[in-house]
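Participant: My structure is stored as start17.cif, with mmCIF, C-alpha atoms.
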```
data_structure
#
loop_
_atom_site.label_atom_id
_atom_site.label_comp_id
_atom_site.auth_asym_id
_atom_site.auth_seq_id
_atom_site.Cartn_x
_atom_site.Cartn_y
_atom_site.Cartn_z
CA MET A 1 0.00 0.00 0.00
CA THR A 2 2.75 2.43 0.90
CA THR A 3 4.46 1.69 -2.44
CA PHE A 4 1.20 2.51 -4.22
CA LEU A 5 0.91 5.77 -2.32
CA LYS A 6 4.50 6.67 -3.11
CA CYS A 7 3.91 6.00 -6.82
CA LEU A 8 0.80 8.18 -6.69
CA VAL A 9 2.82 11.00 -5.12
CA VAL A 10 5.51 10.59 -7.82
CA VAL A 11 2.91 10.85 -10.59
CA LEU A 12 1.17 13.84 -8.99
CA VAL A 13 4.34 15.77 -8.23
CA GLY A 14 5.77 14.88 -11.65
CA SER A 15 2.61 16.05 -13.45
CA LEU A 16 2.53 19.32 -11.51
CA LEU A 17 6.19 19.95 -12.24
CA GLY A 18 5.66 19.13 -15.92
CA LEU A 19 2.71 21.53 -16.21
CA ALA A 20 4.59 24.23 -14.32
CA ALA A 21 7.54 23.84 -16.71
CA THR A 22 5.16 24.10 -19.68
CA TYR A 23 3.56 27.25 -18.30
CA TYR A 24 6.96 28.80 -17.59
CA VAL A 25 8.26 28.01 -21.07
CA LEU A 26 5.15 29.46 -22.75
CA VAL A 27 5.09 32.65 -20.67
CA ARG A 28 8.83 33.15 -20.83
CA GLY A 29 8.85 32.52 -24.57
CA VAL A 30 11.61 29.97 -24.97
CA SER A 31 12.29 29.67 -28.68
CA PHE A 32 14.66 27.76 -30.91
CA ASP A 33 14.63 30.06 -33.89
CA GLU A 34 14.74 33.55 -32.50
CA VAL A 35 16.83 35.94 -34.62
CA LYS A 36 17.80 39.29 -33.13
CA ALA A 37 19.01 42.36 -35.03
CA GLY A 38 19.46 45.50 -32.96
CA PRO A 39 16.17 46.13 -31.09
CA TRP A 40 14.23 43.84 -33.45
CA THR A 41 13.39 40.16 -32.98
CA ARG A 42 11.89 37.83 -35.53
CA TRP A 43 10.96 34.17 -35.67
CA PRO A 44 11.67 33.17 -39.28
CA LYS A 45 9.99 29.74 -39.11
CA ASN A 46 6.73 30.90 -37.49
CA GLY A 47 5.09 31.35 -40.87
CA SER A 48 6.14 27.99 -42.30
CA MET A 49 5.66 24.26 -41.83
CA GLU A 50 9.04 24.06 -40.06
CA ILE A 51 7.75 25.92 -36.98
CA ASP A 52 8.95 24.15 -33.82
CA PRO A 53 6.49 22.64 -31.30
CA TYR A 54 7.30 25.28 -28.67
CA ALA A 55 6.54 28.16 -31.03
CA ARG A 56 3.34 26.40 -32.15
CA ALA A 57 2.19 25.94 -28.56
CA ARG A 58 2.93 29.58 -27.79
CA LEU A 59 1.00 30.82 -30.83
CA ALA A 60 -1.90 28.49 -30.01
CA ARG A 61 -2.04 29.95 -26.52
CA SER A 62 -1.86 33.59 -27.61
CA GLY A 63 -4.08 33.14 -30.67
CA GLN A 64 -1.66 35.13 -32.80
CA LEU A 65 -1.69 34.63 -36.59
CA PRO A 66 1.89 34.95 -37.82
CA LEU A 67 2.51 36.26 -41.31
CA GLY A 68 3.12 33.43 -43.79
CA ALA A 69 6.73 33.18 -44.93
CA ALA A 70 5.72 33.89 -48.54
CA GLU A 71 3.64 36.93 -47.53
CA GLY A 72 6.30 38.84 -45.67
CA LEU A 73 8.44 39.18 -42.58
CA SER A 74 7.63 40.66 -39.19
CA PHE A 75 10.06 42.18 -36.73
CA PHE A 76 9.03 42.80 -33.11
CA ALA A 77 10.54 45.34 -30.69
CA TRP A 78 9.91 45.78 -26.97
CA LYS A 79 13.11 47.76 -26.42
CA ASP A 80 14.86 50.70 -28.06
CA SER A 81 18.20 50.59 -29.86
CA ASP A 82 20.01 51.10 -26.52
CA GLY A 83 18.26 48.12 -24.97
CA ASN A 84 15.88 50.10 -22.73
CA THR A 85 12.20 49.09 -22.48
CA LEU A 86 9.86 51.17 -24.68
CA ARG A 87 7.94 53.45 -22.29
CA ALA A 88 4.98 55.64 -23.12
CA ARG A 89 6.30 58.54 -21.02
CA CYS A 90 9.29 58.92 -23.37
CA ASP A 91 9.52 60.23 -26.94
CA TYR A 92 11.12 58.03 -29.58
CA THR A 93 12.25 58.48 -33.16
CA VAL A 94 12.12 55.58 -35.59
CA SER A 95 14.17 56.33 -38.69
CA SER A 96 15.09 54.67 -42.00
CA PRO A 97 16.40 52.40 -43.46
CA VAL A 98 13.92 49.60 -44.03
CA PRO A 99 15.04 46.52 -46.03
CA PRO A 100 13.77 46.57 -49.63
CA SER A 101 10.16 45.42 -49.85
CA ARG A 102 7.07 46.28 -51.85
CA TYR A 103 5.30 47.70 -48.82
CA TRP A 104 6.00 47.92 -45.14
CA THR A 105 3.89 48.82 -42.12
CA LEU A 106 4.96 49.94 -38.65
CA SER A 107 2.35 49.43 -35.92
CA LEU A 108 2.25 50.25 -32.21
CA TYR A 109 0.77 47.82 -29.66
CA SER A 110 0.68 47.20 -25.95
CA PRO A 111 3.46 44.76 -24.95
CA SER A 112 1.00 41.86 -25.34
CA GLY A 113 -0.23 42.91 -28.77
CA SER A 114 -3.45 44.92 -28.34
CA LEU A 115 -3.86 48.19 -30.17
CA VAL A 116 -3.66 51.27 -27.93
CA ASP A 117 -6.52 53.72 -28.37
CA ASN A 118 -5.59 57.36 -29.01
CA PRO A 119 -7.55 60.49 -29.98
CA ALA A 120 -5.86 60.69 -33.38
CA LYS A 121 -7.02 57.10 -34.17
CA ARG A 122 -3.64 56.35 -35.70
CA PHE A 123 -2.20 52.94 -34.94
CA ASP A 124 0.32 52.48 -37.73
CA PHE A 125 2.11 53.94 -40.73
CA THR A 126 2.43 52.28 -44.13
CA SER A 127 5.27 52.93 -46.56
CA ALA A 128 2.76 54.39 -49.04
CA GLU A 129 1.46 57.15 -46.79
CA ILE A 130 4.60 58.17 -44.93
CA LEU A 131 6.12 61.64 -45.43
CA ARG A 132 9.69 61.41 -46.67
CA ALA A 133 12.59 63.82 -47.01
CA ALA A 134 13.87 64.72 -50.48
CA ASP A 135 16.44 61.90 -50.30
CA GLY A 136 13.78 59.30 -49.52
CA THR A 137 14.62 58.89 -45.82
CA PHE A 138 11.92 59.18 -43.16
CA ARG A 139 11.49 59.73 -39.44
CA ILE A 140 8.52 58.67 -37.35
CA ALA A 141 8.00 60.46 -34.03
CA ILE A 142 6.46 58.31 -31.29
CA SER A 143 5.06 60.46 -28.50
CA ARG A 144 2.05 61.11 -26.30
CA HIS A 145 2.04 64.68 -27.58
CA ALA A 146 1.30 65.81 -31.14
CA ARG A 147 4.42 66.11 -33.30
CA PRO A 148 4.87 67.55 -36.81
CA GLY A 149 5.44 65.15 -39.68
CA ASN A 150 4.91 61.41 -39.12
CA TRP A 151 3.46 61.20 -35.62
CA LEU A 152 2.58 57.81 -34.12
CA PRO A 153 0.68 58.61 -30.92
CA VAL A 154 0.98 56.51 -27.76
CA GLY A 155 -2.32 56.19 -25.92
CA ASN A 156 -3.06 55.25 -22.35
CA THR A 157 -0.46 52.57 -21.70
CA SER A 158 2.76 52.51 -19.69
CA ARG A 159 4.84 50.35 -22.00
CA PHE A 160 4.44 49.50 -25.66
CA SER A 161 5.82 47.40 -28.50
CA LEU A 162 6.44 48.04 -32.19
CA VAL A 163 6.02 45.65 -35.10
CA LEU A 164 7.60 46.25 -38.50
CA ARG A 165 6.13 44.13 -41.29
CA LEU A 166 7.76 43.85 -44.69
CA TYR A 167 5.27 42.67 -47.31
CA ASP A 168 6.50 40.98 -50.46
CA THR A 169 10.18 41.40 -49.70
CA LEU A 170 12.47 41.61 -52.70
CA PHE A 171 14.95 39.28 -51.01
CA ASP A 172 14.31 35.89 -49.56
CA PHE A 173 15.89 36.38 -46.17
CA GLY A 174 15.19 32.82 -45.08
CA MET A 175 17.21 32.10 -41.99
CA ALA A 176 19.86 34.62 -43.06
CA LYS A 177 20.65 37.26 -40.50
CA VAL A 178 19.25 40.68 -41.28
CA GLU A 179 21.85 43.10 -40.00
CA ALA A 180 20.82 45.67 -37.43
CA LYS A 181 21.99 48.52 -39.67
CA ALA A 182 19.53 47.45 -42.40
CA LEU A 183 16.63 47.96 -39.97
CA PRO A 184 15.18 51.16 -38.49
CA LYS A 185 16.78 52.56 -35.35
CA ILE A 186 14.57 53.28 -32.34
CA VAL A 187 16.14 56.21 -30.51
CA ARG A 188 14.83 57.52 -27.20
CA GLY A 189 14.40 61.25 -26.80
CA HIS A 190 12.99 63.30 -23.94
CA CYS A 191 11.24 61.50 -21.05
CA GLU A 192 8.59 63.03 -18.78
CA MET B 1 18.13 0.53 6.23
CA THR B 2 21.51 2.17 5.90
CA PHE B 3 22.00 5.79 4.88
CA ILE B 4 23.12 4.70 1.42
CA ASP B 5 19.92 2.66 0.97
CA ARG B 6 17.77 5.64 1.89
CA LEU B 7 19.73 7.89 -0.46
CA LEU B 8 19.35 5.43 -3.33
CA THR B 9 15.59 5.07 -2.73
CA PHE B 10 15.21 8.84 -2.65
CA LEU B 11 17.21 9.19 -5.87
CA LEU B 12 15.05 6.57 -7.54
CA TYR B 13 11.87 8.48 -6.68
CA ALA B 14 13.47 11.77 -7.72
CA ILE B 15 14.37 10.32 -11.12
CA ALA B 16 10.81 8.98 -11.47
CA VAL B 17 9.39 12.45 -10.69
CA VAL B 18 11.66 14.11 -13.27
CA PHE B 19 10.73 11.47 -15.84
CA VAL B 20 6.99 11.96 -15.28
CA ALA B 21 7.46 15.75 -15.40
CA GLY B 22 9.34 15.48 -18.70
CA VAL B 23 6.69 13.31 -20.31
CA VAL B 24 3.84 15.56 -19.09
CA HIS B 25 5.69 18.65 -20.34
CA LEU B 26 6.31 17.23 -23.82
CA VAL B 27 2.76 15.91 -24.17
CA ALA B 28 1.33 19.28 -23.04
CA ILE B 29 3.44 21.18 -25.60
CA LEU B 30 2.54 18.80 -28.41
CA ILE B 31 -1.23 18.66 -27.82
CA MET B 32 -1.52 22.41 -27.16
CA PRO B 33 -2.17 23.37 -30.83
CA GLU B 34 -5.00 20.81 -31.06
CA PHE B 35 -6.74 21.72 -27.84
CA ALA B 36 -6.00 25.41 -27.14
CA PRO B 37 -9.45 26.94 -26.56
CA HIS B 38 -8.56 30.43 -27.80
CA ASP B 39 -6.21 29.77 -30.70
CA ALA B 40 -6.65 31.61 -33.99
CA PHE B 41 -8.72 28.77 -35.50
CA ALA B 42 -11.17 28.85 -32.58
CA ARG B 43 -11.47 32.65 -32.76
CA ILE B 44 -12.06 32.60 -36.52
CA SER B 45 -14.52 29.68 -36.31
CA LYS B 46 -16.80 31.85 -34.18
CA LEU B 47 -17.15 34.32 -37.06
CA ALA B 48 -16.91 32.11 -40.09
CA SER B 49 -18.37 28.69 -40.60
CA THR B 50 -18.71 28.36 -44.34
CA HIS B 51 -16.30 28.06 -47.22
CA GLN B 52 -17.49 31.44 -48.53
CA PRO B 53 -15.11 34.28 -47.72
CA VAL B 54 -16.21 36.08 -44.57
CA PRO B 55 -14.76 39.50 -43.74
CA LEU B 56 -12.90 39.72 -40.44
CA PRO B 57 -13.64 42.84 -38.38
CA GLN B 58 -11.26 45.77 -38.74
CA ALA B 59 -8.55 45.74 -36.05
CA LEU B 60 -9.52 48.51 -33.61
CA PRO B 61 -8.57 48.93 -29.93
CA GLY B 62 -10.57 46.48 -27.82
CA LYS B 63 -11.98 44.78 -30.93
CA GLU B 64 -9.00 42.82 -32.15
CA LEU B 65 -9.60 39.23 -33.14
CA THR B 66 -6.01 38.15 -32.47
CA PRO B 67 -3.00 39.84 -30.82
CA PHE B 68 -0.54 41.76 -33.02
CA GLU B 69 -3.06 42.13 -35.86
CA ASP B 70 -1.85 44.50 -38.56
CA PRO B 71 -4.32 47.42 -38.51
CA ALA B 72 -3.26 48.28 -42.08
CA VAL B 73 -4.80 45.22 -43.71
CA ALA B 74 -8.37 44.25 -44.55
CA GLN B 75 -8.84 40.53 -43.93
CA ALA B 76 -11.25 37.85 -45.04
CA VAL B 77 -11.23 34.14 -44.32
CA CYS B 78 -12.50 30.95 -46.01
CA MET B 79 -12.85 27.93 -43.76
CA PHE B 80 -12.40 24.52 -45.33
CA ASP B 81 -13.17 20.91 -44.46
CA LEU B 82 -11.84 18.60 -47.14
CA THR B 83 -13.78 15.55 -45.94
CA HIS B 84 -16.61 16.66 -48.25
CA GLY B 85 -14.45 17.55 -51.26
CA SER B 86 -11.66 19.85 -52.33
CA LEU B 87 -11.67 23.64 -52.06
CA HIS B 88 -11.09 25.70 -55.18
CA VAL B 89 -9.67 29.16 -54.44
CA HIS B 90 -9.48 31.57 -57.31
CA ALA B 91 -9.14 35.29 -57.74
CA ASN B 92 -8.68 37.88 -60.43
CA ILE B 93 -5.72 39.99 -59.44
CA ASP B 94 -5.34 43.73 -59.67
CA PRO B 95 -1.53 44.00 -59.92
CA GLU B 96 -1.50 47.51 -58.45
CA HIS B 97 -2.49 46.43 -54.97
CA LEU B 98 -1.00 44.03 -52.47
CA LEU B 99 -3.10 40.93 -51.81
CA THR B 100 -1.73 37.93 -49.95
CA LEU B 101 -3.24 34.50 -49.32
CA SER B 102 -2.04 32.12 -46.64
CA PHE B 103 -3.22 28.53 -46.32
CA ARG B 104 -3.32 27.33 -42.72
CA GLY B 105 -4.09 23.99 -41.10
CA ARG B 106 -6.38 23.59 -38.11
CA GLU B 107 -3.39 23.51 -35.76
CA GLY B 108 -2.18 26.83 -37.09
CA ARG B 109 0.72 25.97 -39.36
CA VAL B 110 1.00 27.92 -42.62
CA PHE B 111 1.37 25.30 -45.35
CA TYR B 112 1.42 27.68 -48.30
CA GLY B 113 1.35 31.37 -49.05
CA VAL B 114 1.18 33.52 -52.16
CA THR B 115 1.01 37.20 -52.97
CA ASP B 116 -0.63 38.77 -56.01
CA ARG B 117 2.84 38.69 -57.63
CA ALA B 118 2.40 34.93 -58.10
CA ALA B 119 -0.66 35.41 -60.30
CA VAL B 120 -0.45 33.91 -63.79
CA HIS B 121 -2.19 36.03 -66.48
CA GLY B 122 -3.87 38.04 -63.73
CA LYS B 123 -5.33 35.01 -61.97
CA ILE B 124 -4.65 32.94 -58.90
CA ASP B 125 -6.05 29.43 -59.23
CA ILE B 126 -5.42 27.02 -56.37
CA ARG B 127 -7.15 23.81 -55.29
CA ILE B 128 -6.67 22.47 -51.76
CA VAL B 129 -6.90 18.69 -51.63
CA THR B 130 -6.24 15.66 -49.44
CA PRO B 131 -3.62 13.16 -50.67
CA GLU B 132 -6.43 10.82 -51.86
CA GLN B 133 -8.16 13.61 -53.77
CA LEU B 134 -4.84 14.56 -55.40
CA GLN B 135 -4.41 10.96 -56.63
CA ALA B 136 -7.96 10.88 -58.01
CA LEU B 137 -7.52 14.26 -59.74
CA ASP B 138 -4.14 13.33 -61.23
CA ALA B 139 -5.66 10.12 -62.64
CA GLN B 140 -8.44 12.12 -64.33
CA ASP B 141 -6.12 14.69 -65.90
CA ASP B 142 -6.00 15.03 -69.65
CA GLU B 143 -2.32 14.72 -70.56
CA ASP B 144 -2.60 16.91 -73.65
CA ASN B 145 -4.38 19.59 -71.72
CA PRO B 146 -2.74 19.84 -68.29
CA PRO B 147 -4.72 21.68 -65.63
CA GLN B 148 -3.81 25.30 -64.91
CA GLU B 149 -4.66 25.09 -61.24
CA LEU B 150 -2.05 24.63 -58.53
CA ARG B 151 -2.93 21.67 -56.30
CA LEU B 152 -1.96 21.93 -52.66
CA VAL B 153 -2.12 19.00 -50.29
CA ALA B 154 -3.34 20.18 -46.89
CA PRO B 155 -1.62 18.66 -43.84
CA GLN B 156 -5.02 18.25 -42.16
CA PRO B 157 -8.54 18.06 -43.62
CA LYS B 158 -9.62 21.17 -41.70
CA GLY B 159 -8.15 24.63 -41.91
CA PHE B 160 -8.65 28.07 -43.36
CA VAL B 161 -7.43 30.43 -46.05
CA LEU B 162 -6.56 33.89 -44.76
CA ILE B 163 -6.83 36.69 -47.29
CA ASP B 164 -5.01 39.97 -46.55
CA ALA B 165 -5.45 43.13 -48.63
CA LEU B 166 -3.23 46.05 -47.70
CA VAL B 167 -4.89 49.36 -46.90
CA ALA B 168 -1.96 51.43 -48.17
CA ARG B 169 -3.65 54.75 -47.35
CA PRO B 170 -6.45 55.42 -44.84
CA GLY B 171 -9.01 56.20 -47.57
CA GLU B 172 -8.53 52.85 -49.26
CA ARG B 173 -10.10 50.56 -46.67
CA ALA B 174 -13.38 49.98 -48.50
CA ALA B 175 -11.53 49.12 -51.72
CA ALA B 176 -9.18 46.77 -49.85
CA GLU B 177 -12.13 45.03 -48.17
CA ALA B 178 -13.75 44.57 -51.57
CA ARG B 179 -10.50 43.12 -52.97
CA ALA B 180 -10.22 40.65 -50.09
CA MET B 181 -13.85 39.60 -50.57
CA SER B 182 -13.44 39.19 -54.32
CA VAL B 183 -11.52 35.95 -53.77
CA VAL B 184 -13.79 33.01 -54.54
CA CYS B 185 -13.62 29.86 -52.40
CA ALA B 186 -15.77 27.05 -53.76
CA PRO B 187 -15.96 23.44 -52.57
CA GLU B 188 -15.70 20.99 -55.46
CA ALA B 189 -16.38 17.29 -55.13
CA VAL B 190 -13.72 14.97 -56.49
CA ALA B 191 -15.03 11.89 -58.26
CA GLN B 192 -13.28 8.90 -56.70
CA ASN B 193 -12.59 6.02 -59.03
#
```
So, in terms of structure tokens, how does the structure I just supplied come out?
Facilitator:
Amino acid sequence: MTTFLKCLVVVLVGSLLGLAATYYVLVRGVSFDEVKAGPWTRWPKNGSMEIDPYARARLARSGQLPLGAAEGLSFFAWKDSDGNTLRARCDYTVSSPVPPSRYWTLSLYSPSGSLVDNPAKRFDFTSAEILRAADGTFRIAISRHARPGNWLPVGNTSRFSLVLRLYDTLFDFGMAKVEAKALPKIVRGHCE
Amino acid sequence: MTFIDRLLTFLLYAIAVVFVAGVVHLVAILIMPEFAPHDAFARISKLASTHQPVPLPQALPGKELTPFEDPAVAQAVCMFDLTHGSLHVHANIDPEHLLTLSFRGREGRVFYGVTDRAAVHGKIDIRIVTPEQLQALDAQDDEDNPPQELRLVAPQPKGFVLIDALVARPGERAAAEARAMSVVCAPEAVAQN
């Protein structure tokens, strides 16, 4: 009888530990194909059949629909180019370059991926609508307060994230590393 | 019982606990995509049940269907269930505007994707089939007149086609929605020999 009880305890404790490890891995975001370039992170296999079981489980839990590999690439940022967390009380400038693609979009979300409401009702910029300098470069100002030019407002949130999507890229990046200097810089300005 | 005996017994149980934990962890990770109650498939199934394209609501604060939705695209979705026949997806393409299609299985993997750039003579013509349906179709093909359609074998009988049309400028949303909805998804029975 005691052996039976001990086995029961082993199974119970083991199951609890196993579920706890699963929860930790999903929340923490352990990944086998994370590629970092400056402030940006991407998961190149998320939009393909080669996606690993951990990434699949994480997407199933969050409900996120990754962009298909043939549709485009997405780059996520929760930190600026200096490695500091993106905070709504600070101003930021996102500036060119963007890797060659037919279109790109830059969108602002809460850290977990919901859109942040703001009076200007602007949540993103697309490459087609952005104001550019004569040499084709651009700057996007991210701030709580209205800014001239391309202004991406931050609503009522304390931290935020940015996602850059390249649609119909002219290069097949595959697993190749996109260098940080080919991607926009996120530079922090004044903080309140 | 000596100290060594106790230590060995304890170690044995510890190893058993770690083993059980490992198995539970792996099983939980692997079955997650099939059973997650709020995955993308479950969220989309609430809005769309038929093979006809159904528009997905515009991504607005508090009304997003999924996290990290691109607010600059208009989306539509066709659900499919190949147990009752194949799904024929075709569209006339306007080369000026970005339109992308991604083919996804029930467990969320993207098994194929195209953009409007892949259109041949202004058309996208794709048929999603099971391996058995592919065999039956290939056997029926006329060798002198090969079919124009691209045949894709789905990894699972159930899934969905996600259609994205880019809203390049704020005033273009209605046009982008119309472009996404202009994709035709039609179930077609495959005669089995």
Participant: Residues of chain A within 6 Å of chain B, counting only C-alpha atoms - could you list those as a ChimeraX atom specification?
Facilitator: /A:10,14-15,17-19,22,47-49,57,60-61,63-64,68,70-71,113-117,128-129
Participant: What gap, in Å, lies between atom CA of A:Asp52 and atom CA of A:Phe32?
Facilitator: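 It comes out at 7.4 Å.
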Participant: Quick check, in Å to one decimal: how far apart do atom CA of A:Pro97 and atom CA of A:Thr137 lie?
Facilitator: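 Between atom CA of A:Pro97 and atom CA of A:Thr137 the gap works out to 7.1 Å.
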Participant: So what does the PyMOL selection byres ((chain B and resi 75-80) around 9) actually pick up in this one, as JSON, numbers by chain?
Facilitator: {"B": [44, 45, 48, 49, 50, 51, 52, 53, 54, 55, 56, 57, 58, 73, 74, 81, 82, 86, 87, 128, 157, 158, 159, 160, 161, 162, 163, 164, 165, 166, 176, 177, 180, 181, 183, 184, 185, 187]}
Participant: Any idea what's packed within 9 Å of A:His145, counting all atoms listed in the file, ignoring anything in its chain fewer than 4 positions away? Could you give it as a PDB file with C-alpha atoms, in the frame of the given file?
Facilitator:
```
ATOM      1  CA  ASP A  91       9.520  60.230 -26.940  1.00  0.00           C
ATOM      2  CA  TRP A 151       3.460  61.200 -35.620  1.00  0.00           C
ATOM      3  CA  PRO A 153       0.680  58.610 -30.920  1.00  0.00           C
ATOM      4  CA  VAL A 154       0.980  56.510 -27.760  1.00  0.00           C
TER       5      VAL A 154
END
```
Participant: For A:Ala69, which residue among A:Tyr103, A:Tyr24, A:Tyr167, A:Tyr54 is the nearest when counting all atoms listed in the file?
Facilitator: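 Ranking A:Tyr103, A:Tyr24, A:Tyr167, A:Tyr54 by distance to A:Ala69, first place goes to A:Tyr167.
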Participant: Selected by the PyMOL selection byres ((chain B and resi 92) around 9) in the shown coordinates: which residues, as a list in words?
Facilitator: His90, Ala91, Ile93, Asp94, Ala119, Gly122, Lys123, Ile124, Asp125, Ser182 and Val183 of chain B
Participant: If I take atom CA of A:Leu65 and atom CA of A:Asn150, how far is one from the other in Å, to one decimal?
Facilitator: 27.7 Å
Participant: Could you tell me which of A:Pro99, A:Leu26, A:Pro39, A:Gly83 comes closest to A:Val178 if we count all atoms listed in the file?
Facilitator: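 Ranking A:Pro99, A:Leu26, A:Pro39, A:Gly83 by distance to A:Val178, first place goes to A:Pro99.
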Participant: Take the PyMOL selection byres ((chain B and resi 134) around 12), run it mentally on this structure, and tell me the resulting residues as a PyMOL selection string.
Facilitator: chain B and resi 82+85-87+127-133+135-141+150-154+189-192
Participant: Which residue out of A:Leu108, A:Val35, A:Leu8, A:Ala21 has the minimum interatomic distance to A:Val94 when only C-alpha atoms are used?
Facilitator: A:Leu108
Participant: Which residues come within 10 Å of A:Trp43, counting all atoms listed in the file, excluding same-chain residues fewer than 4 positions away, as a ChimeraX atom specification?
Facilitator: /A:31-36,47,51,55,66,73-76,175
Participant: For a cut-off of 6 Å around (9.8, 60.3, -20.8), file coordinates, pick out all residues using only C-alpha atoms and list them as a list in words.
Facilitator: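 Checking each residue against the 6 Å limit leaves Arg89, Cys90, His190, Cys191 and Glu192 of chain A.
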